[in-house]
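Coordinates as given in work-v2.tsv (TSV, C-alpha atoms):
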chain	number	residue	atom	x	y	z
A	1	MET	CA	-111.09	-10.77	7.21
A	2	LYS	CA	-112.58	-8.92	4.26
A	3	GLN	CA	-109.36	-6.90	3.85
A	4	PHE	CA	-107.12	-9.99	3.80
A	5	PRO	CA	-107.22	-10.73	0.03
A	6	GLU	CA	-106.03	-7.25	-0.93
A	7	ARG	CA	-103.48	-7.15	1.89
A	8	LEU	CA	-102.05	-10.46	0.72
A	9	LYS	CA	-101.81	-9.19	-2.85
A	10	ASN	CA	-100.07	-5.99	-1.72
A	11	ALA	CA	-97.58	-7.94	0.42
A	12	ARG	CA	-96.78	-10.20	-2.51
A	13	LYS	CA	-96.19	-7.19	-4.79
A	14	MET	CA	-94.09	-5.54	-2.08
A	15	ASN	CA	-91.76	-8.53	-2.23
A	16	GLY	CA	-91.74	-8.55	-6.03
A	17	LEU	CA	-93.18	-12.06	-6.25
A	18	SER	CA	-95.60	-13.69	-8.66
A	19	LEU	CA	-98.06	-16.26	-7.29
A	20	GLN	CA	-95.80	-19.07	-8.46
A	21	GLU	CA	-92.71	-17.44	-6.96
A	22	LEU	CA	-94.49	-17.04	-3.63
A	23	SER	CA	-95.45	-20.69	-3.71
A	24	ASP	CA	-91.81	-21.57	-4.41
A	25	VAL	CA	-90.59	-19.42	-1.51
A	26	MET	CA	-93.01	-21.32	0.74
A	27	GLY	CA	-91.54	-24.62	-0.41
A	28	ASN	CA	-94.69	-25.31	-2.45
A	29	SER	CA	-96.57	-26.08	0.76
A	30	ILE	CA	-99.31	-23.90	-0.75
A	31	SER	CA	-99.91	-24.14	-4.48
A	32	LYS	CA	-100.17	-21.23	-6.89
A	33	GLN	CA	-103.85	-22.07	-7.35
A	34	ALA	CA	-104.52	-22.00	-3.59
A	35	LEU	CA	-102.75	-18.66	-3.26
A	36	ASN	CA	-104.85	-17.30	-6.11
A	37	ARG	CA	-108.02	-18.39	-4.26
A	38	LEU	CA	-106.77	-16.60	-1.13
A	39	GLU	CA	-106.17	-13.38	-3.08
A	40	ALA	CA	-109.56	-13.66	-4.73
A	41	GLY	CA	-111.28	-14.07	-1.36
A	42	GLU	CA	-112.59	-17.51	-2.33
A	43	GLN	CA	-110.74	-19.18	0.54
A	44	SER	CA	-109.85	-18.06	4.07
A	45	PRO	CA	-106.46	-18.81	5.62
A	46	ASP	CA	-106.07	-20.81	8.81
A	47	SER	CA	-103.47	-19.95	11.48
A	48	GLU	CA	-100.82	-22.21	9.92
A	49	ILE	CA	-101.17	-20.58	6.49
A	50	LEU	CA	-101.05	-17.11	8.05
A	51	SER	CA	-97.86	-18.00	9.87
A	52	GLN	CA	-96.24	-19.26	6.67
A	53	LEU	CA	-97.30	-16.17	4.74
A	54	CYS	CA	-95.88	-13.84	7.41
A	55	LYS	CA	-92.53	-15.60	7.21
A	56	ALA	CA	-92.43	-15.70	3.40
A	57	LEU	CA	-93.55	-12.09	2.94
A	58	HIS	CA	-91.59	-10.57	5.85
A	59	VAL	CA	-94.60	-9.01	7.56
A	60	THR	CA	-96.18	-9.41	10.98
A	61	LEU	CA	-99.59	-10.96	11.56
A	62	ASP	CA	-100.91	-7.48	12.33
A	63	TYR	CA	-100.31	-6.49	8.70
A	64	PHE	CA	-103.08	-8.73	7.35
A	65	PHE	CA	-105.74	-7.28	9.66
A	66	LYS	CA	-105.25	-3.59	8.85
A	67	ASP	CA	-107.40	-1.52	6.53
A	68	ASN	CA	-105.80	-0.04	3.42
A	69	SER	CA	-105.39	3.49	4.77
A	70	VAL	CA	-102.86	4.97	2.33
A	71	VAL	CA	-103.44	5.88	-1.31
A	72	LEU	CA	-100.55	7.37	-3.30
A	73	GLU	CA	-101.65	10.12	-5.69
A	74	HIS	CA	-99.92	11.19	-8.92
A	75	VAL	CA	-97.00	8.76	-8.67
A	76	GLU	CA	-94.28	9.38	-11.27
A	77	PHE	CA	-91.13	7.27	-11.42
A	78	ARG	CA	-87.90	9.02	-12.29
A	79	LYS	CA	-85.91	6.45	-14.29
A	80	LEU	CA	-83.18	6.16	-16.89
A	81	LYS	CA	-84.98	3.49	-18.86
A	82	LYS	CA	-88.32	1.75	-18.87
A	83	LEU	CA	-88.85	0.20	-15.44
A	84	LEU	CA	-90.71	-3.10	-15.36
A	85	VAL	CA	-94.26	-2.86	-14.04
A	86	LYS	CA	-93.40	-5.55	-11.49
A	87	GLU	CA	-90.58	-3.38	-10.15
A	88	GLN	CA	-92.83	-0.32	-10.02
A	89	GLU	CA	-95.48	-2.26	-8.09
A	90	LYS	CA	-92.82	-3.48	-5.66
A	91	VAL	CA	-91.69	0.05	-4.89
A	92	LYS	CA	-95.23	1.43	-4.55
A	93	SER	CA	-96.46	-1.42	-2.33
A	94	ALA	CA	-93.40	-1.21	-0.06
A	95	THR	CA	-93.86	2.56	0.23
A	96	ILE	CA	-97.52	2.17	1.16
A	97	GLU	CA	-96.72	-0.45	3.81
A	98	TYR	CA	-94.08	1.81	5.38
A	99	LEU	CA	-96.35	4.86	5.36
A	100	GLU	CA	-99.22	2.89	6.90
A	101	ARG	CA	-97.02	2.07	9.89
A	102	TYR	CA	-95.53	5.57	10.09
A	103	LEU	CA	-98.86	7.41	9.92
A	104	GLU	CA	-100.52	5.02	12.39
A	105	LEU	CA	-97.75	5.76	14.88
A	106	GLU	CA	-98.16	9.52	14.44
A	107	ASN	CA	-101.93	9.17	14.86
A	108	LEU	CA	-101.47	7.20	18.09
A	109	LEU	CA	-99.26	10.00	19.40
A	110	GLY	CA	-101.77	12.64	18.30
A	111	MET	CA	-99.24	14.42	16.13
A	112	GLU	CA	-100.01	17.04	13.50
A	113	ARG	CA	-98.47	16.63	10.05
A	114	LYS	CA	-98.49	20.19	8.80
A	115	LEU	CA	-96.04	20.92	6.00
A	116	PRO	CA	-94.16	24.23	6.07
A	117	PHE	CA	-95.35	24.89	2.49
A	118	LYS	CA	-98.32	24.14	0.27
A	119	ILE	CA	-97.93	21.35	-2.28
A	120	LYS	CA	-97.15	22.61	-5.80
A	121	SER	CA	-97.65	26.21	-4.71
A	122	TYR	CA	-94.62	27.91	-6.31
A	123	GLN	CA	-95.24	28.68	-9.99
A	124	VAL	CA	-92.15	27.99	-12.12
A	125	LYS	CA	-91.64	28.24	-15.88
A	126	ASN	CA	-87.88	28.77	-16.31
A	127	THR	CA	-84.49	28.22	-14.66
A	128	GLU	CA	-84.43	31.67	-13.02
A	129	GLU	CA	-87.73	30.93	-11.27
A	130	ALA	CA	-86.51	27.44	-10.27
A	131	ASP	CA	-83.46	29.08	-8.70
A	132	MET	CA	-85.72	31.50	-6.81
A	133	ALA	CA	-87.89	28.57	-5.66
A	134	ALA	CA	-84.79	26.94	-4.16
A	135	LYS	CA	-83.88	30.16	-2.35
A	136	GLU	CA	-87.40	30.37	-0.97
A	137	MET	CA	-87.28	26.73	0.14
A	138	ARG	CA	-83.99	27.35	1.95
A	139	LYS	CA	-85.77	30.16	3.83
A	140	ILE	CA	-88.70	27.88	4.63
A	141	LEU	CA	-86.37	25.20	5.99
A	142	LYS	CA	-84.32	27.88	7.83
A	143	ILE	CA	-80.93	26.76	6.57
A	144	GLY	CA	-79.59	29.99	5.07
A	145	THR	CA	-76.75	29.26	2.65
A	146	ASP	CA	-75.16	26.51	4.73
A	147	PRO	CA	-74.35	23.06	3.29
A	148	ILE	CA	-77.07	20.48	3.98
A	149	TYR	CA	-75.29	17.64	5.74
A	150	ASN	CA	-78.31	15.36	6.24
A	151	ILE	CA	-81.08	16.10	3.76
A	152	ILE	CA	-83.31	13.23	4.83
A	153	GLU	CA	-83.25	14.21	8.49
A	154	LEU	CA	-83.97	17.84	7.56
A	155	LEU	CA	-87.00	16.91	5.47
A	156	GLU	CA	-88.36	14.45	8.03
A	157	GLU	CA	-88.12	17.13	10.72
A	158	ASN	CA	-90.31	19.27	8.46
A	159	ASN	CA	-92.98	16.54	8.09
A	160	ILE	CA	-91.94	15.37	4.62
A	161	LYS	CA	-91.87	11.59	4.61
A	162	VAL	CA	-88.76	10.11	3.00
A	163	TYR	CA	-88.69	6.40	2.25
A	164	ARG	CA	-85.52	4.51	1.36
A	165	THR	CA	-85.89	1.54	-0.97
A	166	VAL	CA	-83.51	-0.63	-2.98
A	167	ALA	CA	-84.55	-1.31	-6.55
A	168	ASP	CA	-83.17	-1.58	-10.07
A	169	PRO	CA	-80.48	1.15	-10.29
A	170	SER	CA	-82.18	2.56	-13.38
A	171	PHE	CA	-84.81	3.93	-10.97
A	172	SER	CA	-83.70	7.01	-9.03
A	173	GLY	CA	-86.74	8.22	-7.13
A	174	LEU	CA	-90.32	9.40	-7.04
A	175	SER	CA	-92.52	11.88	-5.24
A	176	THR	CA	-96.17	11.50	-4.38
A	177	VAL	CA	-98.89	13.08	-2.30
A	178	ILE	CA	-101.34	11.64	0.24
A	179	GLY	CA	-104.60	13.45	0.83
A	180	ASN	CA	-103.52	16.52	-1.16
A	181	ASP	CA	-101.30	17.83	1.64
A	182	LEU	CA	-98.82	15.16	2.77
A	183	GLY	CA	-95.62	15.06	0.72
A	184	VAL	CA	-93.73	11.79	0.23
A	185	ILE	CA	-90.33	11.23	-1.38
A	186	VAL	CA	-88.93	7.81	-2.27
A	187	TYR	CA	-85.30	7.35	-3.30
A	188	ASN	CA	-83.28	4.37	-4.47
A	189	ASP	CA	-80.48	3.48	-2.03
A	190	HIS	CA	-78.89	0.94	-4.40
A	191	GLN	CA	-75.17	0.60	-3.72
A	192	GLU	CA	-74.30	1.33	-7.35
A	193	ILE	CA	-75.75	4.84	-7.06
A	194	PRO	CA	-73.29	7.42	-5.62
A	195	LEU	CA	-74.39	9.18	-2.43
A	196	VAL	CA	-74.16	12.59	-4.10
A	197	ARG	CA	-76.63	11.36	-6.72
A	198	LYS	CA	-79.04	10.14	-4.04
A	199	ARG	CA	-78.91	13.53	-2.34
A	200	PHE	CA	-79.61	15.24	-5.66
A	201	THR	CA	-82.53	12.89	-6.33
A	202	VAL	CA	-84.20	13.62	-2.98
A	203	LEU	CA	-84.03	17.37	-3.63
A	204	HIS	CA	-85.15	16.90	-7.25
A	205	GLU	CA	-88.27	15.21	-5.87
A	206	LEU	CA	-88.71	18.01	-3.33
A	207	GLY	CA	-88.81	20.32	-6.34
A	208	HIS	CA	-91.68	18.30	-7.78
A	209	LEU	CA	-93.57	18.65	-4.49
A	210	TYR	CA	-92.98	22.38	-4.09
A	211	MET	CA	-93.05	23.78	-7.61
A	212	ASN	CA	-96.11	24.09	-9.82
A	213	LEU	CA	-94.89	22.92	-13.23
A	214	ASP	CA	-98.27	22.48	-14.90
A	215	GLN	CA	-97.47	25.06	-17.58
A	216	VAL	CA	-94.28	23.40	-18.84
A	217	GLU	CA	-93.73	20.19	-20.79
A	218	GLU	CA	-92.28	17.11	-19.09
A	219	LYS	CA	-88.65	17.34	-20.22
A	220	LEU	CA	-88.40	20.99	-19.21
A	221	ALA	CA	-90.08	20.17	-15.87
A	222	GLU	CA	-87.34	17.62	-15.16
A	223	ARG	CA	-84.62	20.14	-16.03
A	224	LEU	CA	-86.22	22.72	-13.75
A	225	CYS	CA	-86.30	20.22	-10.88
A	226	ASP	CA	-82.62	19.51	-11.58
A	227	CYS	CA	-81.96	23.24	-11.40
A	228	PHE	CA	-83.89	23.42	-8.11
A	229	ALA	CA	-81.89	20.51	-6.66
A	230	GLY	CA	-78.57	22.05	-7.70
A	231	ALA	CA	-79.50	25.41	-6.18
A	232	MET	CA	-80.60	23.71	-2.96
A	233	LEU	CA	-77.28	21.88	-2.69
A	234	LEU	CA	-75.07	24.77	-3.75
A	235	PRO	CA	-76.49	28.32	-3.44
A	236	ASP	CA	-75.42	30.64	-6.26
A	237	GLU	CA	-73.59	33.11	-4.00
A	238	LYS	CA	-71.37	30.29	-2.74
A	239	LEU	CA	-70.50	29.07	-6.23
A	240	LEU	CA	-69.84	32.65	-7.37
A	241	SER	CA	-67.47	33.01	-4.45
A	242	TYR	CA	-65.63	29.79	-5.38
A	243	PHE	CA	-65.32	30.64	-9.09
A	244	GLY	CA	-64.70	34.37	-8.68
A	245	GLY	CA	-66.29	35.16	-12.03
A	246	LYS	CA	-66.53	33.70	-15.52
A	247	ARG	CA	-63.96	31.01	-16.29
A	248	LYS	CA	-62.31	29.64	-19.39
A	249	SER	CA	-61.12	26.58	-17.47
A	250	VAL	CA	-61.89	24.74	-14.23
A	251	TYR	CA	-59.60	22.35	-12.37
A	252	THR	CA	-60.86	18.96	-11.22
A	253	ASN	CA	-59.44	19.50	-7.73
A	254	GLU	CA	-61.51	22.69	-7.41
A	255	LEU	CA	-64.66	20.73	-8.13
A	256	ILE	CA	-63.66	17.96	-5.73
A	257	SER	CA	-63.14	20.53	-2.98
A	258	ILE	CA	-66.67	21.90	-3.50
A	259	LYS	CA	-68.07	18.38	-3.68
A	260	LYS	CA	-66.47	17.40	-0.36
A	261	TYR	CA	-68.09	20.32	1.43
A	262	TYR	CA	-71.52	20.52	-0.21
A	263	GLY	CA	-72.17	16.89	-1.11
A	264	ILE	CA	-72.93	17.69	-4.74
A	265	SER	CA	-71.73	15.81	-7.82
A	266	LEU	CA	-69.12	17.20	-10.17
A	267	THR	CA	-71.63	17.38	-13.02
A	268	ALA	CA	-74.19	19.21	-10.89
A	269	ILE	CA	-71.54	21.81	-9.97
A	270	MET	CA	-70.72	22.41	-13.62
A	271	TYR	CA	-74.36	22.63	-14.67
A	272	ARG	CA	-74.85	25.20	-11.89
A	273	ALA	CA	-71.84	27.09	-13.22
A	274	LYS	CA	-73.37	27.09	-16.72
A	275	VAL	CA	-76.76	28.32	-15.42
A	276	LEU	CA	-75.01	31.17	-13.57
A	277	GLY	CA	-72.97	32.12	-16.64
A	278	LEU	CA	-69.65	31.13	-15.05
A	279	VAL	CA	-68.70	28.75	-17.89
A	280	SER	CA	-69.79	28.59	-21.50
A	281	GLU	CA	-72.02	25.98	-23.12
A	282	SER	CA	-69.07	24.72	-25.16
A	283	TYR	CA	-66.88	24.36	-22.07
A	284	LEU	CA	-69.63	22.42	-20.29
A	285	LYS	CA	-69.81	20.03	-23.25
A	286	TYR	CA	-66.01	19.67	-23.19
A	287	PHE	CA	-66.14	18.94	-19.44
A	288	MET	CA	-68.87	16.30	-19.89
A	289	ILE	CA	-66.75	14.45	-22.45
A	290	LYS	CA	-63.79	14.42	-20.04
A	291	TYR	CA	-66.10	13.48	-17.16
A	292	ASN	CA	-67.53	10.45	-18.97
A	293	GLN	CA	-64.04	9.37	-19.99
A	294	ASN	CA	-62.21	9.75	-16.69
A	295	LEU	CA	-64.26	11.07	-13.74
A	296	LYS	CA	-67.63	9.34	-13.74
A	297	LYS	CA	-66.30	6.15	-12.17
A	298	GLN	CA	-64.90	8.23	-9.27
A	299	GLU	CA	-68.21	9.85	-8.37
A	300	LYS	CA	-68.60	7.58	-5.33
A	301	ASP	CA	-65.43	9.07	-3.85
A	302	ASN	CA	-64.65	12.36	-2.08
A	303	TYR	CA	-67.88	12.67	-0.10
A	304	ASN	CA	-68.57	10.70	3.05
A	305	GLY	CA	-71.79	12.26	4.32
A	306	ARG	CA	-74.59	10.60	6.25
A	307	GLU	CA	-78.13	10.42	4.89
A	308	GLU	CA	-80.58	8.93	7.36
A	309	SER	CA	-83.33	9.78	9.81
A	310	ASN	CA	-84.15	8.08	13.11
A	311	ARG	CA	-87.41	9.95	13.54
A	312	PHE	CA	-89.67	6.90	13.18
A	313	ILE	CA	-87.68	4.91	15.77
A	314	GLN	CA	-87.55	7.91	18.10
A	315	LEU	CA	-91.33	8.28	17.93
A	316	LEU	CA	-91.73	4.54	18.47
A	317	MET	CA	-89.59	4.59	21.61
A	318	ARG	CA	-91.42	7.65	22.88
A	319	ALA	CA	-94.77	5.94	22.41
A	320	VAL	CA	-93.59	2.91	24.40
A	321	ALA	CA	-91.98	5.00	27.15
A	322	GLN	CA	-95.14	7.11	27.53
A	323	GLU	CA	-97.26	3.92	27.53
A	324	VAL	CA	-99.22	5.11	24.52
A	325	ILE	CA	-98.65	1.67	22.98
A	326	SER	CA	-97.42	-1.68	24.22
A	327	SER	CA	-94.08	-3.15	23.23
A	328	THR	CA	-96.02	-5.76	21.27
A	329	LYS	CA	-97.72	-3.03	19.22
A	330	ALA	CA	-94.39	-1.21	18.79
A	331	ALA	CA	-92.80	-4.38	17.44
A	332	ALA	CA	-95.65	-4.76	14.93
A	333	LEU	CA	-95.31	-1.14	13.83
A	334	ASN	CA	-91.60	-1.71	13.26
A	335	ASN	CA	-92.34	-4.94	11.38
A	336	GLN	CA	-90.39	-7.05	13.90
A	337	THR	CA	-91.04	-9.91	16.24
A	338	LEU	CA	-91.44	-8.88	19.87
A	339	GLY	CA	-88.23	-10.71	20.80
A	340	ASP	CA	-86.16	-8.90	18.18
A	341	PHE	CA	-87.68	-5.55	19.10
A	342	ARG	CA	-86.99	-6.04	22.81
A	343	GLU	CA	-83.41	-7.07	22.16
A	344	GLN	CA	-82.70	-4.17	19.83
A	345	TYR	CA	-84.51	-1.34	21.61
A	346	LEU	CA	-85.80	-2.21	25.09
A	347	ASP	CA	-83.14	-4.29	26.80
A	348	ASN	CA	-80.94	-1.27	27.49
A	349	SER	CA	-83.49	0.82	29.43
A	350	ILE	CA	-82.14	2.85	32.34
For this file, produce the structure as structure tokens.
Amino acid sequence: MKQFPERLKNARKMNGLSLQELSDVMGNSISKQALNRLEAGEQSPDSEILSQLCKALHVTLDYFFKDNSVVLEHVEFRKLKKLLVKEQEKVKSATIEYLERYLELENLLGMERKLPFKIKSYQVKNTEEADMAAKEMRKILKIGTDPIYNIIELLEENNIKVYRTVADPSFSGLSTVIGNDLGVIVYNDHQEIPLVRKRFTVLHELGHLYMNLDQVEEKLAERLCDCFAGAMLLPDEKLLSYFGGKRKSVYTNELISIKKYYGISLTAIMYRAKVLGLVSESYLKYFMIKYNQNLKKQEKDNYNGREESNRFIQLLMRAVAQEVISSTKAAALNNQTLGDFREQYLDNSI
């Protein structure tokens, strides 16, 4: 069990617990000092301790016997304020655990994971080039100028792993790479964050994966990824059609109509309009004042899209049906007990 100490530490971080907090969750049946010895490899767990740890840390027994097969490279958290290290570790550890299960399943099925583009291959230095990168990405994903109704499903179908987490709402998302060629996006599904913002975040992170921003400073890089996300959500020809040319004023109901159809926030529409020269800088500033006063609190309304992917579960069911893996293994890969897995997925077989 040479991998157990590190696996235990990762599981604890994944749950956002200190050693003392883990001991408390376990009803102090194992002391902080004993847990520290387990993480240091100075003590081996017996079956009873393993059972208690699985329950407290919400993992299956299989978790503790796996090798650490996933390393996240160049992780950058997109956040509104300084995010506690503990919270960052929780997000990273949970992402790694999910990807370990996902990639193991794909390996068992003998699946290729080829991306339709090379990581950080599109050189971008300004907003015009970010807009062109979005147009190129729409071609790559074969979606033309249509609205994207389920971004997560679209990206998963193109071998980009998207992981949903719930964390401090100051954190929006991150992108990372595994093995120089596997793109991963993590987004915060906290209920306080409007769905249109989550959609924007996922595409912002796609921009970080696709565009090479090495020649620009950090703040500009973030603005260019915002530009990329806006252009992905709302192609310029569509916005030009809606606005009909340069405007001196824009009605809220016009913006809401666009938002309903394209799943893009009111602010993102107006920033797109400014980039395309449809409104002035001064009018954008005027709009932002009015938005913060009256419209921001309504950003959760007027768009009822669906953002999810069932790809992992579909692959899991396929593996069981084709007898590539047993139902016991499938339950472990889905981080469930066999009984719960059978009840949820197997009891309705034809």
Within 9 Å of range 336-343 of chain A: each range 58-142 of chain A residue with its shortest pair, all atoms listed in the file, as JSON lines:
{"residue": "A:His58", "atom": "CA", "partner": "A:Gln336", "partner_atom": "CA", "distance": 8.9}
{"residue": "A:Val59", "atom": "CA", "partner": "A:Gln336", "partner_atom": "CA", "distance": 7.9}
{"residue": "A:Thr60", "atom": "CA", "partner": "A:Gln336", "partner_atom": "CA", "distance": 6.9}
Could you give me, as a PyMOL selection string, the residues within 9 Å of Lys2 in chain A, counting only C-alpha atoms and dropping anything in the same chain fewer than 4 positions from it? chain A and resi 6+41+65
Looking at A:Tyr102, A:Ile143, A:Ala11, A:Thr252, which one is nearest to Asn294 in chain A, with distances taken over all atoms listed in the file?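 Looking at the shortest contact to Asn294 in chain A, the residue is A:Thr252.
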Could you put an axis-aligned box around every listed atom of range 53-60 of chain A, padded by 6 Å on each side, and send me its centre and edge lengths in Å to one decimal, as JSON?
{"center_x": -94.4, "center_y": -12.6, "center_z": 7.0, "size_x": 17.7, "size_y": 19.2, "size_z": 20.0}
For Leu174 in chain A, work out the shell of residues within 8 Å, counting only C-alpha atoms and skipping chain neighbours fewer than 4 positions away, then give it as a VMD selection string. chain A and resid 75 to 78 185 to 187 205
List the neighbours of Phe312 in chain A out to 9 Å using all atoms listed in the file; skip same-chain residues closer than 2 positions along the sequence, and give me the result as a PyMOL selection string. chain A and resi 102+105-106+309-310+314-317+334
Neighbourhood query: residues within 10 Å of (-75.1, 21.8, 0.7), file coordinates, counting all atoms listed in the file; return as number ranges by chain. A: 143, 145-151, 199, 230-235, 238, 258-264
Find, counting all atoms listed in the file, the residue in A:Leu99, A:Leu109, A:Ala133, A:Val279 that gets nearest to Arg247 in chain A.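 Using all atoms listed in the file, the shortest distance to Arg247 in chain A belongs to A:Val279.
A straight line drawn from CA of Ile140 in chain A to CA of Ala273 in chain A is 24.6 Å long.
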What is the CA of Ile49 in chain A to CA of Ala34 in chain A distance in Å?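 These atoms are spaced 10.7 Å apart.
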